[in-house]
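A short write-up of the structure that comes next.
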Amino acid sequence: MCDNRRDRDDDSLGLTMAKPTDHLWMHFTRMSSFRDGEVPTIVRGEGCYVWDSHGRRYLDGIAGLFTVNAGHGRTELAEAAAKQAAELAYFPVWGVAHPAAIELSERIAGLTPGDLNRVFFTTGGSEAVETAWKLARAYFRKTGKPAKHKVISRYLAYHGTTMGALSITGLPALKTDFEPLVAGAIKTANTNIYRAPVHGDDPAAFGEWAADEIARAIEREGPDTVAAVFLEPVQNAGGCFPPPPGYFQRVREICDRYDVLLVSDEVICAWGRLGDWFGALRYGFQPDIITTAKALTSGYSPLGATIASDRLIEPFLRDGVAFLHGITFGGHPVSSAVALANIDLMAREDLNGHVRANEAAFRAALSKLNDLPIVGDVRGDGYFYGIELVKDKVTRETFDDAESERLLRGFLSDALFEAGLYCRADDRGDPVVQLAPPLTAGQAEFDEMERILRAVLTEAYGRI
Ligand SMILES: Cc1ncc(COP(=O)(O)O)c(C=O)c1O
């Protein structure tokens with residue numbers, strides 16, 4: 001009886017030894033993988049490293065999920081959260097405001113390119129993308145072009161999981177279970193020059209072709225029906241496709257020609273990932289909207305934003321008009337305070353400058369892996385890289401589904417983790433390993449990544 005009561009007490013305190021997977025439904029995870037095995041459980045972080053529940057240390061090669069740009073263990077961000085929570089834990093930005101959201105919107109507007117001055121807060125990236133599509137549709141309705149509602153995005157691109165964002169996402173395998181999706185989301189060419197169908201040896205001509213594919217899609221769909229084009233500065237899914245020279249400038253011209261909004265989805269590419277506050281600044285183009293999230297707070301609290309140009313808010317400034325859209329936790333005071341502290345920290349430590357000063361060294365370390373037979377391509381910019389794996393380096397032959405399954409799921413992800421590197425082996429396009437460490441990383445971390453990748457990729461090739 002006594003024992004029973006103790007069991008019950010322990011249970012109510014959450015101290016019974018339930019398996020993590022008994023209740024926690026992990027995202028994008030085959031739960032069956034953990035039926036018998038242990039779930040890697042990360043309990044602590046410091047700088048570029050994290051520790052698991054057994055005390056083992058891992059180099060965080062992907063900043064959590066392209067998020068912890070300032071690095072782990074930043075007590076000043078935790079303190080900013082605590083201070084704000086003690087002062088005003090929650091208030092919305094619906095018809096009222098609070099100082100943290102006001103100050104943060106002003107700070108963000110001061111960092112964006114051009115007149116991207118209007119900040120609509122969300123809690124994450126999918127909501128930011130969802131908001132951008134809704135804004136584009138509402139804007140054209142309010143300005144006399146109600147048929148403009150479609151969006152164009154690129155093959156393999158990931159833009160989130162809510163129904164609108166998922167429709168914009170260009171990864172068919174992620175979508176099938178949820179069809180039918182939102183109509184009017186059109187796909188066009190991405191900028192993977194390694195697998196370019198044309199001009200593979202001429203980046204400028206390839207960029208021109210890829211941009212013109214957007215124009216051809218607009219023409220096909222009917223310019224009067226297309227509202228926006230969603231592009232990441234560097235496309236993540238598929239394995240880091242940077243823009244060819246001149247690409248975004250040409251896309252801008254095309255968008256102007258057809259009165260289509262250019263949305264720069266910077267859920268990953270902002271906040272120093274490419275050595276600048278925004279990817280659009282790095283590549284010198286002017287979007288109509290930037291969507292962002294993740295490292296806006298370096299992940300210390302959830303926050304996203306849809307940042308629009310002055311022109312886009314104009315119809316909603318008229319008497320009696322509102323953008324009928326909102327999210328309870330959008331612009332949450334704690335997250336806003338953390339974002340302000342994060343931007344302060346990034347500016348004080350000049351993390352953008354650090355990335356620019358060290359990106360060549362990062363590229364050089366990863367490029368050493370080009371001597372491995374399994375490494376087809378090493379590509380990226382800033383602190384954002386993908387390594388495409390191939391079966392045959394000369395022909396660029398990729399793996400079939402079964403090989404990819406065996407290689408990535410059956411071996412690589414676990415082996416890299418076992419070897420002390422947390423990163424991502426992804427087969428949403430051709431198989432790639434993705435790397436995006438905290439922005440504080442330097443030569444020692446680059447060398448460690450290269451060493452672990454070399455050993456594990458060498459073994460992987462032997463297993464094909
Ligand atoms: C480019 C891009 N857009 C949107 C999203 C969705 O963001 P979230 O997971 O915060 O909803 C992601 C997430 O990785 C992303 O990389």
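Letters A, B, ... go to the chains of the structure tokens in the order shown; residues in each chain start at 1; ligands are counted from 1 in the same order.
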Kindly provide the residues of chain A that approach ligand 1 to within 9 Å, each paired with its closest atom pair and their distance in Å to one decimal, based on only C-alpha atoms and all ligand atoms, listed by chain and increasing number, as CSV.
residue,atom,partner,partner_atom_place_in_ligand_line,distance
A:Leu65,CA,ligand 1,14 (O),7.2
A:Phe66,CA,ligand 1,14 (O),7.5
A:Thr123,CA,ligand 1,10 (O),7.5
A:Gly124,CA,ligand 1,10 (O),3.9
A:Gly125,CA,ligand 1,7 (O),3.2
A:Ser126,CA,ligand 1,11 (O),3.5
A:Glu127,CA,ligand 1,11 (O),6.2
A:Ala128,CA,ligand 1,4 (C),7.5
A:Val129,CA,ligand 1,4 (C),6.4
A:Ala157,CA,ligand 1,1 (C),7.4
A:Tyr158,CA,ligand 1,2 (C),5.6
A:His159,CA,ligand 1,3 (N),3.6
A:Gly160,CA,ligand 1,6 (C),3.7
A:Thr161,CA,ligand 1,11 (O),6.5
A:Thr162,CA,ligand 1,11 (O),7.7
A:Ala165,CA,ligand 1,4 (C),7.4
A:Thr169,CA,ligand 1,3 (N),8.5
A:Leu231,CA,ligand 1,1 (C),8.2
A:Glu232,CA,ligand 1,1 (C),6.0
A:Val234,CA,ligand 1,1 (C),8.9
A:Gln235,CA,ligand 1,1 (C),7.3
A:Asn236,CA,ligand 1,16 (O),6.6
A:Ala237,CA,ligand 1,16 (O),7.8
A:Ser264,CA,ligand 1,1 (C),8.9
A:Asp265,CA,ligand 1,1 (C),5.4
A:Glu266,CA,ligand 1,1 (C),5.9
A:Val267,CA,ligand 1,2 (C),4.7
A:Ile268,CA,ligand 1,16 (O),5.3
A:Cys269,CA,ligand 1,1 (C),7.7
A:Thr291,CA,ligand 1,3 (N),7.7
A:Thr292,CA,ligand 1,3 (N),7.6
A:Ala293,CA,ligand 1,10 (O),6.0
A:Lys294,CA,ligand 1,10 (O),6.1
A:Pro302,CA,ligand 1,10 (O),8.3
A:Leu303,CA,ligand 1,10 (O),8.2
A:Gly304,CA,ligand 1,10 (O),7.2
Non-local contacts of segment 335-345 of chain A (9 Å; only C-alpha atoms; under 2 positions in same chain excluded) as a PyMOL selection string: chain A and resi 70+76-81+83-84+100-105+107+123+271+295-298+300-303+331-333+347-351
Take the residues just selected and output them with C-alpha atoms as a PDB file, in the first residue's frame.
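Output (part_2.pdb):
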ATOM      1  CA  ALA A  70      24.343  33.736 -30.891  1.00  0.00           C
ATOM      2  CA  GLU A  76      21.997  37.814 -20.941  1.00  0.00           C
ATOM      3  CA  LEU A  77      19.234  36.535 -23.234  1.00  0.00           C
ATOM      4  CA  ALA A  78      17.795  34.415 -20.429  1.00  0.00           C
ATOM      5  CA  GLU A  79      17.944  37.438 -18.136  1.00  0.00           C
ATOM      6  CA  ALA A  80      16.157  39.635 -20.681  1.00  0.00           C
ATOM      7  CA  ALA A  81      13.370  37.025 -20.781  1.00  0.00           C
ATOM      8  CA  LYS A  83      13.073  40.614 -16.590  1.00  0.00           C
ATOM      9  CA  GLN A  84      10.304  41.049 -19.157  1.00  0.00           C
ATOM     10  CA  ALA A 100       8.973  45.623 -26.223  1.00  0.00           C
ATOM     11  CA  ALA A 101       7.043  45.077 -29.481  1.00  0.00           C
ATOM     12  CA  ILE A 102       7.091  48.793 -30.285  1.00  0.00           C
ATOM     13  CA  GLU A 103      10.826  49.056 -29.721  1.00  0.00           C
ATOM     14  CA  LEU A 104      11.581  45.824 -31.582  1.00  0.00           C
ATOM     15  CA  SER A 105       9.529  46.801 -34.628  1.00  0.00           C
ATOM     16  CA  ARG A 107      14.782  48.313 -34.407  1.00  0.00           C
ATOM     17  CA  THR A 123       5.373  33.178 -33.378  1.00  0.00           C
ATOM     18  CA  TRP A 271      20.241  37.480 -38.476  1.00  0.00           C
ATOM     19  CA  ALA A 295      17.462  33.408 -35.033  1.00  0.00           C
ATOM     20  CA  LEU A 296      15.568  36.655 -34.507  1.00  0.00           C
ATOM     21  CA  THR A 297      15.792  35.587 -30.863  1.00  0.00           C
ATOM     22  CA  SER A 298      18.626  33.075 -31.401  1.00  0.00           C
ATOM     23  CA  TYR A 300      15.822  31.794 -26.695  1.00  0.00           C
ATOM     24  CA  SER A 301      12.101  32.415 -27.164  1.00  0.00           C
ATOM     25  CA  PRO A 302       9.797  31.844 -30.154  1.00  0.00           C
ATOM     26  CA  LEU A 303       9.146  34.745 -32.498  1.00  0.00           C
ATOM     27  CA  GLY A 331       4.913  39.887 -30.719  1.00  0.00           C
ATOM     28  CA  HIS A 332       4.922  38.240 -27.291  1.00  0.00           C
ATOM     29  CA  PRO A 333       6.564  40.625 -24.790  1.00  0.00           C
ATOM     30  CA  ALA A 347      25.771  44.182 -32.833  1.00  0.00           C
ATOM     31  CA  ARG A 348      28.097  44.433 -29.828  1.00  0.00           C
ATOM     32  CA  GLU A 349      30.041  41.304 -30.809  1.00  0.00           C
ATOM     33  CA  ASP A 350      29.793  42.141 -34.509  1.00  0.00           C
ATOM     34  CA  LEU A 351      28.682  38.614 -35.349  1.00  0.00           C
TER      35      LEU A 351
END
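Of all the residues in segment 169-324 of chain A, the ones DSSP labels as strand (DSSP E or B) from the backbone are A:Ala185, A:Ile186, A:Lys187, A:Thr188, A:Val226, A:Ala227, A:Ala228, A:Val229, A:Phe230, A:Leu231, A:Gln235, A:Phe241, A:Leu261, A:Leu262, A:Val263, A:Ser264, A:Asp265, A:Ile289, A:Ile290, A:Thr291, A:Thr292, A:Gly304, A:Ala305, A:Thr306, A:Ile307, A:Ala308.
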Residue with smallest distance to Ala364 of chain A - pool A:Glu450, A:Ile387, A:Asp426, A:Gly376, counting only C-alpha atoms: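 Closest to Ala364 of chain A of all the choices is A:Glu450.
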Give one line per residue of segment 219-265 of chain A that approaches segment 184-201 of chain A to at most 9 Å, naming the two atoms of the closest pair and their distance in Å to one decimal, counting only C-alpha atoms; sort by chain then ascending residue number and deliver it as JSON lines.
{"residue": "A:Glu221", "atom": "CA", "partner": "A:Ile186", "partner_atom": "CA", "distance": 8.5}
{"residue": "A:Thr225", "atom": "CA", "partner": "A:Gly184", "partner_atom": "CA", "distance": 8.9}
{"residue": "A:Val226", "atom": "CA", "partner": "A:Gly184", "partner_atom": "CA", "distance": 8.5}
{"residue": "A:Val234", "atom": "CA", "partner": "A:Thr191", "partner_atom": "CA", "distance": 8.9}
{"residue": "A:Gln235", "atom": "CA", "partner": "A:Asn190", "partner_atom": "CA", "distance": 8.0}
{"residue": "A:Gly238", "atom": "CA", "partner": "A:Asn192", "partner_atom": "CA", "distance": 8.2}
{"residue": "A:Gly239", "atom": "CA", "partner": "A:Asn192", "partner_atom": "CA", "distance": 8.7}
{"residue": "A:Cys240", "atom": "CA", "partner": "A:Asn192", "partner_atom": "CA", "distance": 8.2}
{"residue": "A:Phe241", "atom": "CA", "partner": "A:Asn192", "partner_atom": "CA", "distance": 5.4}
{"residue": "A:Pro242", "atom": "CA", "partner": "A:Thr191", "partner_atom": "CA", "distance": 6.9}
{"residue": "A:Pro243", "atom": "CA", "partner": "A:Thr191", "partner_atom": "CA", "distance": 6.2}
{"residue": "A:Pro244", "atom": "CA", "partner": "A:Thr191", "partner_atom": "CA", "distance": 7.1}
{"residue": "A:Tyr247", "atom": "CA", "partner": "A:Thr191", "partner_atom": "CA", "distance": 8.9}
File of the preceding selection, N, CA, C and O atoms, as a tab-separated table (two decimals), in the first residue's frame:
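And here is the file that came out, out38.tsv:
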chain	number	residue	atom	x	y	z
A	221	GLU	N	0.50	31.33	-66.03
A	221	GLU	CA	-0.63	31.39	-65.10
A	221	GLU	C	-1.54	32.58	-65.39
A	221	GLU	O	-2.71	32.58	-64.99
A	225	THR	N	-3.31	36.99	-62.30
A	225	THR	CA	-3.69	36.07	-61.21
A	225	THR	C	-2.57	35.84	-60.21
A	225	THR	O	-2.78	35.18	-59.20
A	226	VAL	N	-1.38	36.35	-60.50
A	226	VAL	CA	-0.23	36.03	-59.63
A	226	VAL	C	0.03	37.19	-58.66
A	226	VAL	O	0.19	38.34	-59.06
A	234	VAL	N	19.25	32.02	-49.95
A	234	VAL	CA	19.90	30.75	-50.23
A	234	VAL	C	18.86	29.68	-49.91
A	234	VAL	O	18.39	29.60	-48.78
A	235	GLN	N	18.49	28.89	-50.92
A	235	GLN	CA	17.47	27.87	-50.67
A	235	GLN	C	18.06	26.75	-49.83
A	235	GLN	O	19.07	26.15	-50.19
A	238	GLY	N	17.12	20.79	-50.26
A	238	GLY	CA	17.83	20.43	-51.48
A	238	GLY	C	19.33	20.55	-51.24
A	238	GLY	O	20.13	19.99	-51.96
A	239	GLY	N	19.68	21.34	-50.21
A	239	GLY	CA	21.08	21.42	-49.82
A	239	GLY	C	21.79	22.68	-50.21
A	239	GLY	O	22.82	22.64	-50.87
A	240	CYS	N	21.23	23.85	-49.79
A	240	CYS	CA	21.94	25.13	-49.94
A	240	CYS	C	22.21	25.51	-51.39
A	240	CYS	O	23.28	25.19	-51.93
A	241	PHE	N	21.26	26.18	-52.00
A	241	PHE	CA	21.48	26.69	-53.35
A	241	PHE	C	21.63	28.21	-53.28
A	241	PHE	O	20.64	28.94	-53.19
A	242	PRO	N	22.84	28.73	-53.34
A	242	PRO	CA	23.00	30.19	-53.37
A	242	PRO	C	22.49	30.73	-54.71
A	242	PRO	O	22.39	29.98	-55.69
A	243	PRO	N	22.19	32.03	-54.76
A	243	PRO	CA	21.71	32.59	-56.03
A	243	PRO	C	22.87	32.81	-56.99
A	243	PRO	O	23.92	33.29	-56.57
A	244	PRO	N	22.72	32.48	-58.26
A	244	PRO	CA	23.77	32.83	-59.22
A	244	PRO	C	23.84	34.36	-59.34
A	244	PRO	O	22.88	35.06	-59.00
A	247	TYR	N	20.88	36.99	-60.34
A	247	TYR	CA	19.57	36.31	-60.28
A	247	TYR	C	18.50	37.18	-59.62
A	247	TYR	O	17.44	37.42	-60.20
Gap from atom CA of Tyr139 of chain A to atom CA of Pro315 of chain A - Å, one decimal: 7.0 Å
For Gly222 of chain A, work out the shell of residues within 10 Å, counting only C-alpha atoms and skipping chain neighbours fewer than 6 positions away, then give it as a PDB file with N, CA, C and O atoms, in the first residue's frame.
ATOM      1  N   ALA A 147      -8.127  39.455 -58.546  1.00  0.00           N
ATOM      2  CA  ALA A 147      -7.803  38.135 -59.109  1.00  0.00           C
ATOM      3  C   ALA A 147      -6.369  37.713 -58.802  1.00  0.00           C
ATOM      4  O   ALA A 147      -6.006  36.542 -58.965  1.00  0.00           O
ATOM      5  N   LYS A 148      -5.554  38.647 -58.356  1.00  0.00           N
ATOM      6  CA  LYS A 148      -4.151  38.293 -58.047  1.00  0.00           C
ATOM      7  C   LYS A 148      -4.116  37.550 -56.713  1.00  0.00           C
ATOM      8  O   LYS A 148      -4.220  38.161 -55.640  1.00  0.00           O
ATOM      9  N   LYS A 150      -2.385  33.972 -56.697  1.00  0.00           N
ATOM     10  CA  LYS A 150      -1.476  32.813 -56.744  1.00  0.00           C
ATOM     11  C   LYS A 150      -0.075  33.186 -56.250  1.00  0.00           C
ATOM     12  O   LYS A 150       0.298  34.360 -56.218  1.00  0.00           O
ATOM     13  N   ARG A 216       8.261  33.063 -67.048  1.00  0.00           N
ATOM     14  CA  ARG A 216       7.461  32.141 -67.876  1.00  0.00           C
ATOM     15  C   ARG A 216       6.304  31.565 -67.066  1.00  0.00           C
ATOM     16  O   ARG A 216       5.194  31.414 -67.580  1.00  0.00           O
ATOM     17  N   TYR A 258       5.483  42.631 -63.824  1.00  0.00           N
ATOM     18  CA  TYR A 258       4.154  41.997 -63.735  1.00  0.00           C
ATOM     19  C   TYR A 258       3.362  42.418 -62.490  1.00  0.00           C
ATOM     20  O   TYR A 258       2.309  41.847 -62.218  1.00  0.00           O
TER      21      TYR A 258
END
Residue list (helix (DSSP H, G or I), DSSP) for segment 7-201 of chain A, as a VMD selection string: chain A and resid 7 to 12 20 to 23 31 to 34 63 to 66 75 to 87 99 to 111 125 to 142 163 to 168 172 to 178 193 to 195
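Distances to Gln434 of chain A were evaluated for A:Val394, A:Leu116, A:Arg252, A:Leu389 using only C-alpha atoms, and the minimum falls at A:Leu389.
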Spatial neighbours of Pro113 of chain A, 10 Å, only C-alpha atoms, chain gap at least 2 places, as a list in words: Ala109, Gly110, Leu111, Asp115, Leu116, Asn117, Trp277, Phe278, Gly279, Ala280, Leu281, Gly284, Phe285, Gln286, Pro287, Asp288, Ile290 and Ser309 of chain A
Requested write-out: C-alpha atoms of the selected residues, as an mmCIF file, in the first residue's frame:
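New file part37.cif:
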data_model
loop_
_atom_site.group_PDB
_atom_site.id
_atom_site.type_symbol
_atom_site.label_atom_id
_atom_site.label_comp_id
_atom_site.auth_asym_id
_atom_site.auth_seq_id
_atom_site.Cartn_x
_atom_site.Cartn_y
_atom_site.Cartn_z
ATOM 1 C CA ALA A 109 12.736 48.538 -39.490
ATOM 2 C CA GLY A 110 16.103 50.230 -39.007
ATOM 3 C CA LEU A 111 17.973 47.111 -40.152
ATOM 4 C CA ASP A 115 11.345 50.827 -46.912
ATOM 5 C CA LEU A 116 10.528 47.499 -45.244
ATOM 6 C CA ASN A 117 9.215 49.405 -42.255
ATOM 7 C CA TRP A 277 21.226 41.239 -40.945
ATOM 8 C CA PHE A 278 19.263 40.003 -43.947
ATOM 9 C CA GLY A 279 20.069 37.844 -46.965
ATOM 10 C CA ALA A 280 18.570 40.522 -49.217
ATOM 11 C CA LEU A 281 21.298 42.899 -48.016
ATOM 12 C CA GLY A 284 21.765 43.449 -52.877
ATOM 13 C CA PHE A 285 18.118 43.128 -53.806
ATOM 14 C CA GLN A 286 14.979 44.817 -52.568
ATOM 15 C CA PRO A 287 12.076 42.567 -51.528
ATOM 16 C CA ASP A 288 8.520 43.770 -50.914
ATOM 17 C CA ILE A 290 10.730 39.641 -45.709
ATOM 18 C CA SER A 309 7.106 47.747 -47.331
#
Using only C-alpha atoms: which of A:Asp224, A:Glu46, A:Glu130, A:Asp212 has the shortest distance to Pro146 of chain A: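 Nearest to Pro146 of chain A: A:Asp224.
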From A:Asp377, A:Asp414, A:Asp392, A:Glu405, residue lying nearest Val432 of chain A [only C-alpha atoms]: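 Going through A:Asp377, A:Asp414, A:Asp392, A:Glu405 one by one, the smallest distance to Val432 of chain A is for A:Asp377.
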